[in-house]
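Below: the structure, in structure tokens.
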Amino acid sequence: MDFSVFYFADDSNRQAAQRYDLLLQGARFADTHGFTAVWTPERHFHRFGGNYPNPAVTGAAVAAVTERVAVRAGSVVAPLHNPEQIARDWWLINASSNGRAGVSLASGWNRGDFVLNPTGFEDRVRSTTEAVHALRKMRQDGDPEIPLWLSSGGSPETFAAAGSLGVGVLTHLASQSPAVLAQRIQEYRRAFRDSGSPGLGHVTLMLHTYVGQRKSEVEQEIRGPLEEYLMSAMNLMRPADGSRVDARSQLRLARLAVQPAYEKYMHDCSLIGTVDHALSVAEDFSRIGVDEIACLIDFGLPAEAVLSGLQNLDVLLQEMQRKPM
């Protein structure tokens with residue numbers, strides 16, 4: 001199984017000049033410690049992820065400070081862009097990085113993002129397929145091929161479409177269980193085989209990740225940041241009806257609401273915990289057909305804690321490499 005590093009959160013507490021330090025330091029670490037790739041997303045108008053509005057720009061920055069690790073978009077929201085421009089941007093990154101580029105394409109789900117292309121929401125699936133073809137067409141004689149994925153939160157249609165197109169799948173567990181994921185992977189492999197594409201395809205699973213020495217210390221470190229991340233993602237801090245709610249009561253209710261999600265991530269849906277726990281989780285996902293874990297390392301933790309956790313994540317990577325799978 002491969003391990004890569006995934007970035008998502010907005011480090012808005014840092015000054016603008018320091019906001020991308022974690023991205024570049026983590027990329028250098030991944031490059032020199034056997035990780036497969038560095039993924040950066042496309043996110044708009046949201047606290048978490050808002051520092052990453054264009055993965056082609058962050059990908060170019062990662063490529064400039066690394067030599068070996070793959071440089072990947074996770075994901076480009078295809079309907080917000082011209083397909084030919086996506087292809088040109090990533091062809092340039094691929095050519096300038098000696099063939100290290102990779103792109104996952106998403107059709108988008110948040111209507112708020114589509115202020116960038118107001119007419120693109122209803123036709124977003126077709127736009128994403130067009131982007132796949134544009135990226136393949138851009139390849140010129142002698143150019144290395146750009147690996148492609150489709151991003152999915154668990155939709156069976158997207159898994160099947162990825163298989164039929166002969167591309168990989170980038171997925172997560174926010175809206176599906178490990179058991180459902182196992183079923184989706186089987187469906188994807190079947191569609192991939194039926195497509196006539198070579199190989200078996202490639203399934204990348206994004207997991208929230210923080211590996212430490214002791215369980216109690218890990219939970220103490222991540223509880224606050226992870227709860228805040230989950231509350232922000234669920235938009236629980238703003239009353240939907242516009243009513244005024246006591247701030248303390250609002251915070252208490254929000255924390256109660258995110259507890260099921262918090263417990264889910266603390267057990268079998270993340271690499272949060274000790275090396276032994278994370279190793280067991282990684283092995284379980286390998287058995288159901290996951291080829292790569294994209295470790296989401298910056299979900300609100302202080303940069304110093306994230307970088308410290310990378311040392312333990314490297315121990316996990318070495319343990320996985322020693323085990324026959």
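Going by the structure tokens order, chains are called A, B, ..., each with residues numbered from 1, while ligands are numbered from 1 in the order shown.
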
* Would you list the contacts of Ala78 in chain A as a PyMOL selection string, taking every protein, DNA or RNA residue within 7 Å and counting only C-alpha atoms, but skipping same-chain residues closer than 4 positions in sequence? => chain A and resi 83+105-107+127-128+131

Can you pull out the residues contacting Pro41 in chain A? Cut-off 9 Å, using only C-alpha atoms, and skip same-chain residues under 2 positions away; I want them as a PDB file with N, CA, C and O atoms, in the first residue's frame.
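Result written to out-v3.pdb:
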```pdb
ATOM      1  N   PHE A   6      -1.999  14.617   2.201  1.00  0.00           N
ATOM      2  CA  PHE A   6      -3.116  15.400   1.666  1.00  0.00           C
ATOM      3  C   PHE A   6      -3.294  16.655   2.516  1.00  0.00           C
ATOM      4  O   PHE A   6      -3.282  16.590   3.738  1.00  0.00           O
ATOM      5  N   TYR A   7      -3.480  17.791   1.847  1.00  0.00           N
ATOM      6  CA  TYR A   7      -3.698  19.066   2.550  1.00  0.00           C
ATOM      7  C   TYR A   7      -5.118  19.543   2.295  1.00  0.00           C
ATOM      8  O   TYR A   7      -5.661  19.386   1.216  1.00  0.00           O
ATOM      9  N   PHE A   8      -5.680  20.182   3.326  1.00  0.00           N
ATOM     10  CA  PHE A   8      -7.054  20.636   3.170  1.00  0.00           C
ATOM     11  C   PHE A   8      -7.351  21.896   3.983  1.00  0.00           C
ATOM     12  O   PHE A   8      -8.022  22.799   3.513  1.00  0.00           O
ATOM     13  N   TRP A  39      -0.956  15.763  -2.247  1.00  0.00           N
ATOM     14  CA  TRP A  39      -2.222  16.192  -2.842  1.00  0.00           C
ATOM     15  C   TRP A  39      -2.607  17.563  -2.298  1.00  0.00           C
ATOM     16  O   TRP A  39      -2.532  17.786  -1.087  1.00  0.00           O
ATOM     17  N   ARG A  43     -10.638  24.467  -3.169  1.00  0.00           N
ATOM     18  CA  ARG A  43     -11.718  24.837  -2.263  1.00  0.00           C
ATOM     19  C   ARG A  43     -11.985  26.328  -2.380  1.00  0.00           C
ATOM     20  O   ARG A  43     -11.056  27.125  -2.543  1.00  0.00           O
ATOM     21  N   GLY A  49      -9.830  24.870   3.934  1.00  0.00           N
ATOM     22  CA  GLY A  49      -9.534  24.639   2.538  1.00  0.00           C
ATOM     23  C   GLY A  49      -9.438  25.898   1.716  1.00  0.00           C
ATOM     24  O   GLY A  49      -8.970  25.868   0.582  1.00  0.00           O
ATOM     25  N   TYR A  52      -6.605  27.028  -0.566  1.00  0.00           N
ATOM     26  CA  TYR A  52      -6.260  26.222  -1.727  1.00  0.00           C
ATOM     27  C   TYR A  52      -7.292  26.409  -2.845  1.00  0.00           C
ATOM     28  O   TYR A  52      -8.011  25.475  -3.202  1.00  0.00           O
ATOM     29  N   PRO A  53      -7.363  27.593  -3.449  1.00  0.00           N
ATOM     30  CA  PRO A  53      -8.345  27.820  -4.509  1.00  0.00           C
ATOM     31  C   PRO A  53      -7.923  27.268  -5.866  1.00  0.00           C
ATOM     32  O   PRO A  53      -8.740  27.198  -6.775  1.00  0.00           O
ATOM     33  N   ASN A  54      -6.648  26.887  -6.006  1.00  0.00           N
ATOM     34  CA  ASN A  54      -6.177  26.427  -7.316  1.00  0.00           C
ATOM     35  C   ASN A  54      -5.054  25.419  -7.140  1.00  0.00           C
ATOM     36  O   ASN A  54      -3.911  25.792  -6.858  1.00  0.00           O
ATOM     37  N   PRO A  55      -5.333  24.117  -7.292  1.00  0.00           N
ATOM     38  CA  PRO A  55      -4.290  23.110  -7.079  1.00  0.00           C
ATOM     39  C   PRO A  55      -3.163  23.171  -8.098  1.00  0.00           C
ATOM     40  O   PRO A  55      -2.081  22.645  -7.842  1.00  0.00           O
ATOM     41  N   THR A  58      -0.672  25.555  -6.244  1.00  0.00           N
ATOM     42  CA  THR A  58      -0.005  24.896  -5.127  1.00  0.00           C
ATOM     43  C   THR A  58       0.809  23.705  -5.613  1.00  0.00           C
ATOM     44  O   THR A  58       1.876  23.403  -5.060  1.00  0.00           O
ATOM     45  N   ARG A  72      -0.051  16.071  -7.035  1.00  0.00           N
ATOM     46  CA  ARG A  72      -1.404  15.725  -7.457  1.00  0.00           C
ATOM     47  C   ARG A  72      -2.447  16.742  -6.999  1.00  0.00           C
ATOM     48  O   ARG A  72      -2.318  17.345  -5.934  1.00  0.00           O
ATOM     49  N   ALA A  73      -3.474  16.873  -7.814  1.00  0.00           N
ATOM     50  CA  ALA A  73      -4.640  17.685  -7.486  1.00  0.00           C
ATOM     51  C   ALA A  73      -5.706  16.793  -6.896  1.00  0.00           C
ATOM     52  O   ALA A  73      -6.097  15.804  -7.498  1.00  0.00           O
ATOM     53  N   GLY A  74      -6.176  17.153  -5.726  1.00  0.00           N
ATOM     54  CA  GLY A  74      -7.232  16.368  -5.117  1.00  0.00           C
ATOM     55  C   GLY A  74      -8.317  17.234  -4.477  1.00  0.00           C
ATOM     56  O   GLY A  74      -8.364  17.292  -3.272  1.00  0.00           O
ATOM     57  N   SER A  75      -9.124  17.948  -5.254  1.00  0.00           N
ATOM     58  CA  SER A  75      -9.374  17.658  -6.673  1.00  0.00           C
ATOM     59  C   SER A  75      -9.491  18.963  -7.449  1.00  0.00           C
ATOM     60  O   SER A  75      -9.687  20.022  -6.844  1.00  0.00           O
ATOM     61  N   VAL A  76      -9.457  18.876  -8.769  1.00  0.00           N
ATOM     62  CA  VAL A  76      -9.872  19.982  -9.614  1.00  0.00           C
ATOM     63  C   VAL A  76     -11.388  19.862  -9.809  1.00  0.00           C
ATOM     64  O   VAL A  76     -11.879  18.817 -10.220  1.00  0.00           O
ATOM     65  N   VAL A  77     -12.120  20.925  -9.465  1.00  0.00           N
ATOM     66  CA  VAL A  77     -13.573  20.931  -9.677  1.00  0.00           C
ATOM     67  C   VAL A  77     -13.809  21.282 -11.147  1.00  0.00           C
ATOM     68  O   VAL A  77     -13.862  22.447 -11.538  1.00  0.00           O
TER      69      VAL A  77
END
```

* **Contacts of range 283-297 of chain A at 9 Å (only C-alpha atoms; same-chain gap of 5+ positions) as an MDAnalysis selection string** => chainID A and resid 1:9 36:39 170 178:179 181:183 185:186 202:210 270:271 278 306:307 309:310 320 325

Tell me which protein, DNA and RNA residues are within 10 Å of Asn94 in chain A, counting only C-alpha atoms, leaving out same-chain ones fewer than 2 positions away, and put them as a short mmCIF file (atom, residue, chain, number, x, y, z; two decimals) with N, CA, C and O atoms, in the first residue's frame.
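Dumped to selection-v5.cif:
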```
data_model
loop_
_atom_site.label_atom_id
_atom_site.label_comp_id
_atom_site.auth_asym_id
_atom_site.auth_seq_id
_atom_site.Cartn_x
_atom_site.Cartn_y
_atom_site.Cartn_z
N GLY A 59 0.31 23.02 -6.64
CA GLY A 59 1.08 21.90 -7.20
C GLY A 59 2.40 22.36 -7.78
O GLY A 59 3.42 21.68 -7.62
N ALA A 60 2.40 23.50 -8.46
CA ALA A 60 3.65 24.03 -9.01
C ALA A 60 4.62 24.37 -7.89
O ALA A 60 5.84 24.15 -8.02
N ALA A 63 6.05 21.09 -6.62
CA ALA A 63 7.00 20.55 -7.60
C ALA A 63 8.34 21.26 -7.50
O ALA A 63 9.40 20.64 -7.69
N ALA A 70 5.20 12.48 -6.20
CA ALA A 70 4.21 12.89 -7.19
C ALA A 70 3.47 14.14 -6.71
O ALA A 70 3.26 14.34 -5.51
N VAL A 71 3.04 14.96 -7.67
CA VAL A 71 2.36 16.22 -7.39
C VAL A 71 0.94 16.10 -7.93
O VAL A 71 0.74 16.02 -9.14
N ARG A 72 -0.05 16.07 -7.04
CA ARG A 72 -1.40 15.72 -7.46
C ARG A 72 -2.45 16.74 -7.00
O ARG A 72 -2.32 17.35 -5.93
N ARG A 88 -3.95 22.16 -20.05
CA ARG A 88 -2.73 22.92 -20.28
C ARG A 88 -1.97 23.16 -18.98
O ARG A 88 -0.74 23.05 -18.92
N ASP A 89 -2.69 23.51 -17.93
CA ASP A 89 -2.04 23.75 -16.63
C ASP A 89 -1.29 22.51 -16.15
O ASP A 89 -0.13 22.59 -15.73
N TRP A 90 -1.97 21.36 -16.23
CA TRP A 90 -1.35 20.15 -15.69
C TRP A 90 -0.35 19.52 -16.64
O TRP A 90 0.57 18.83 -16.20
N TRP A 91 -0.48 19.78 -17.92
CA TRP A 91 0.58 19.38 -18.84
C TRP A 91 1.87 20.12 -18.50
O TRP A 91 2.96 19.52 -18.49
N LEU A 92 1.76 21.41 -18.17
CA LEU A 92 2.94 22.19 -17.81
C LEU A 92 3.58 21.67 -16.54
O LEU A 92 4.80 21.49 -16.46
N SER A 96 7.30 20.02 -16.44
CA SER A 96 8.35 20.70 -15.67
C SER A 96 8.79 19.90 -14.46
O SER A 96 9.85 20.16 -13.89
N SER A 97 7.99 18.90 -14.04
CA SER A 97 8.35 18.07 -12.89
C SER A 97 8.87 16.70 -13.28
O SER A 97 8.98 15.81 -12.44
N ASN A 98 9.15 16.52 -14.57
CA ASN A 98 9.65 15.24 -15.09
C ASN A 98 8.63 14.13 -14.88
O ASN A 98 8.95 13.03 -14.43
N GLY A 99 7.36 14.45 -15.19
CA GLY A 99 6.32 13.42 -15.19
C GLY A 99 5.75 13.06 -13.85
O GLY A 99 5.28 11.94 -13.65
N ARG A 100 5.70 14.00 -12.92
CA ARG A 100 5.23 13.69 -11.56
C ARG A 100 3.80 14.13 -11.30
O ARG A 100 3.30 13.98 -10.19
N ALA A 101 3.11 14.68 -12.27
CA ALA A 101 1.77 15.21 -12.04
C ALA A 101 0.72 14.10 -12.00
O ALA A 101 0.87 13.05 -12.62
N GLY A 102 -0.36 14.36 -11.28
CA GLY A 102 -1.54 13.50 -11.26
C GLY A 102 -2.74 14.37 -10.92
O GLY A 102 -2.62 15.33 -10.16
N ASP A 143 5.60 12.58 -24.19
CA ASP A 143 5.19 13.09 -22.89
C ASP A 143 4.80 11.94 -21.96
O ASP A 143 4.13 11.00 -22.39
N PRO A 144 5.17 12.01 -20.70
CA PRO A 144 4.67 11.01 -19.75
C PRO A 144 3.18 11.19 -19.54
O PRO A 144 2.66 12.30 -19.57
N GLU A 145 2.48 10.09 -19.34
CA GLU A 145 1.04 10.14 -19.14
C GLU A 145 0.71 10.68 -17.76
O GLU A 145 1.40 10.40 -16.77
N ILE A 146 -0.34 11.48 -17.67
CA ILE A 146 -0.80 12.01 -16.38
C ILE A 146 -1.83 11.06 -15.79
O ILE A 146 -2.90 10.88 -16.37
#
```

* Extract, using only C-alpha atoms, all DNA, RNA and protein residues at most 10 Å from range 213-224 of chain A, discarding same-chain residues fewer than 2 positions from it, and format them as a list of chain:residue names. => A:Thr209, A:Tyr210, A:Val211, A:Leu226, A:Glu227, A:Glu228, A:Tyr229, A:Arg255, A:Tyr262, A:Met266, A:Ile272, A:Gly273, A:Thr274, A:Val275, A:Asp276, A:His277, A:Phe299, A:Gly300, A:Leu301, A:Pro302, A:Ala305, A:Gly309, A:Asn312

Can you write just those residues out, C-alpha atoms, as a CSV table (one decimal), in the first residue's frame?
```
chain,number,residue,atom,x,y,z
A,209,THR,CA,-4.2,11.4,10.1
A,210,TYR,CA,-2.3,12.1,13.3
A,211,VAL,CA,0.0,9.4,14.6
A,226,LEU,CA,-11.0,17.9,15.1
A,227,GLU,CA,-14.2,19.0,16.8
A,228,GLU,CA,-13.8,22.5,15.4
A,229,TYR,CA,-13.1,21.1,12.0
A,255,ARG,CA,-20.2,19.8,20.2
A,262,TYR,CA,-15.8,12.5,16.2
A,266,MET,CA,-11.4,8.1,16.5
A,272,ILE,CA,-5.6,9.0,14.3
A,273,GLY,CA,-4.0,7.1,17.2
A,274,THR,CA,-0.8,5.2,18.0
A,275,VAL,CA,1.3,3.5,15.4
A,276,ASP,CA,-0.1,0.1,16.2
A,277,HIS,CA,-3.7,1.3,15.9
A,299,PHE,CA,-7.3,19.5,9.8
A,300,GLY,CA,-6.6,22.4,12.2
A,301,LEU,CA,-3.7,21.1,14.3
A,302,PRO,CA,-0.8,23.5,15.0
A,305,ALA,CA,2.2,19.2,16.0
A,309,GLY,CA,3.3,13.6,13.8
A,312,ASN,CA,5.4,8.8,13.7
```

* List every residue of range 30-90 of chain A that DSSP, applied to the backbone of this structure, assigns to helix (DSSP H, G or I), and report them as a list in words. => Ala30, Asp31, Thr32, Pro55, Ala56, Val57, Thr58, Gly59, Ala60, Ala61, Val62, Ala63, Ala64, Val65, Ala78, Pro79, Leu80, Pro83, Glu84, Gln85, Ile86, Ala87, Arg88, Asp89 and Trp90 of chain A

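Checking A:Gln321, A:Trp109, A:Gln311, A:Ala95 one by one against Gly26 in chain A, counting only C-alpha atoms, you find the shortest gap at A:Gln311.
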
* Mind listing the strand (DSSP E) residues of range 29-116 of chain A, per DSSP on the backbone, as a PyMOL selection string? => chain A and resi 37-40+70-77+101-106

Please produce a file of those selected residues containing N, CA and C atoms, as a compact mmCIF listing (two decimals), in the first residue's frame.
```
# COMPACT_ATOMS: atom_id res chain seq x y z
N ALA A 37 3.00 10.71 -2.83
CA ALA A 37 2.49 11.92 -3.47
C ALA A 37 2.15 12.97 -2.45
N VAL A 38 1.98 14.19 -2.94
CA VAL A 38 1.42 15.29 -2.17
C VAL A 38 0.20 15.79 -2.93
N TRP A 39 -0.96 15.76 -2.25
CA TRP A 39 -2.22 16.19 -2.84
C TRP A 39 -2.61 17.56 -2.30
N THR A 40 -3.06 18.46 -3.17
CA THR A 40 -3.67 19.71 -2.72
C THR A 40 -5.01 19.88 -3.40
N ALA A 70 5.20 12.48 -6.20
CA ALA A 70 4.21 12.89 -7.19
C ALA A 70 3.47 14.14 -6.71
N VAL A 71 3.04 14.96 -7.67
CA VAL A 71 2.36 16.22 -7.39
C VAL A 71 0.94 16.10 -7.93
N ARG A 72 -0.05 16.07 -7.04
CA ARG A 72 -1.40 15.72 -7.46
C ARG A 72 -2.45 16.74 -7.00
N ALA A 73 -3.47 16.87 -7.81
CA ALA A 73 -4.64 17.69 -7.49
C ALA A 73 -5.71 16.79 -6.90
N GLY A 74 -6.18 17.15 -5.73
CA GLY A 74 -7.23 16.37 -5.12
C GLY A 74 -8.32 17.23 -4.48
N SER A 75 -9.12 17.95 -5.25
CA SER A 75 -9.37 17.66 -6.67
C SER A 75 -9.49 18.96 -7.45
N VAL A 76 -9.46 18.88 -8.77
CA VAL A 76 -9.87 19.98 -9.61
C VAL A 76 -11.39 19.86 -9.81
N VAL A 77 -12.12 20.92 -9.47
CA VAL A 77 -13.57 20.93 -9.68
C VAL A 77 -13.81 21.28 -11.15
N ALA A 101 3.11 14.68 -12.27
CA ALA A 101 1.77 15.21 -12.04
C ALA A 101 0.72 14.10 -12.00
N GLY A 102 -0.36 14.36 -11.28
CA GLY A 102 -1.54 13.50 -11.26
C GLY A 102 -2.74 14.37 -10.92
N VAL A 103 -3.88 14.04 -11.44
CA VAL A 103 -5.07 14.88 -11.28
C VAL A 103 -6.29 14.02 -10.94
N SER A 104 -6.98 14.40 -9.87
CA SER A 104 -8.30 13.87 -9.61
C SER A 104 -9.31 14.96 -9.94
N LEU A 105 -10.35 14.59 -10.66
CA LEU A 105 -11.36 15.53 -11.10
C LEU A 105 -12.65 15.30 -10.31
N ALA A 106 -13.24 16.40 -9.86
CA ALA A 106 -14.51 16.34 -9.14
C ALA A 106 -15.57 17.10 -9.91
```

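For the atom pair formed by CA of Ala303 in chain A and CA of Asp113 in chain A, the distance is 27.6 Å, given to one decimal.
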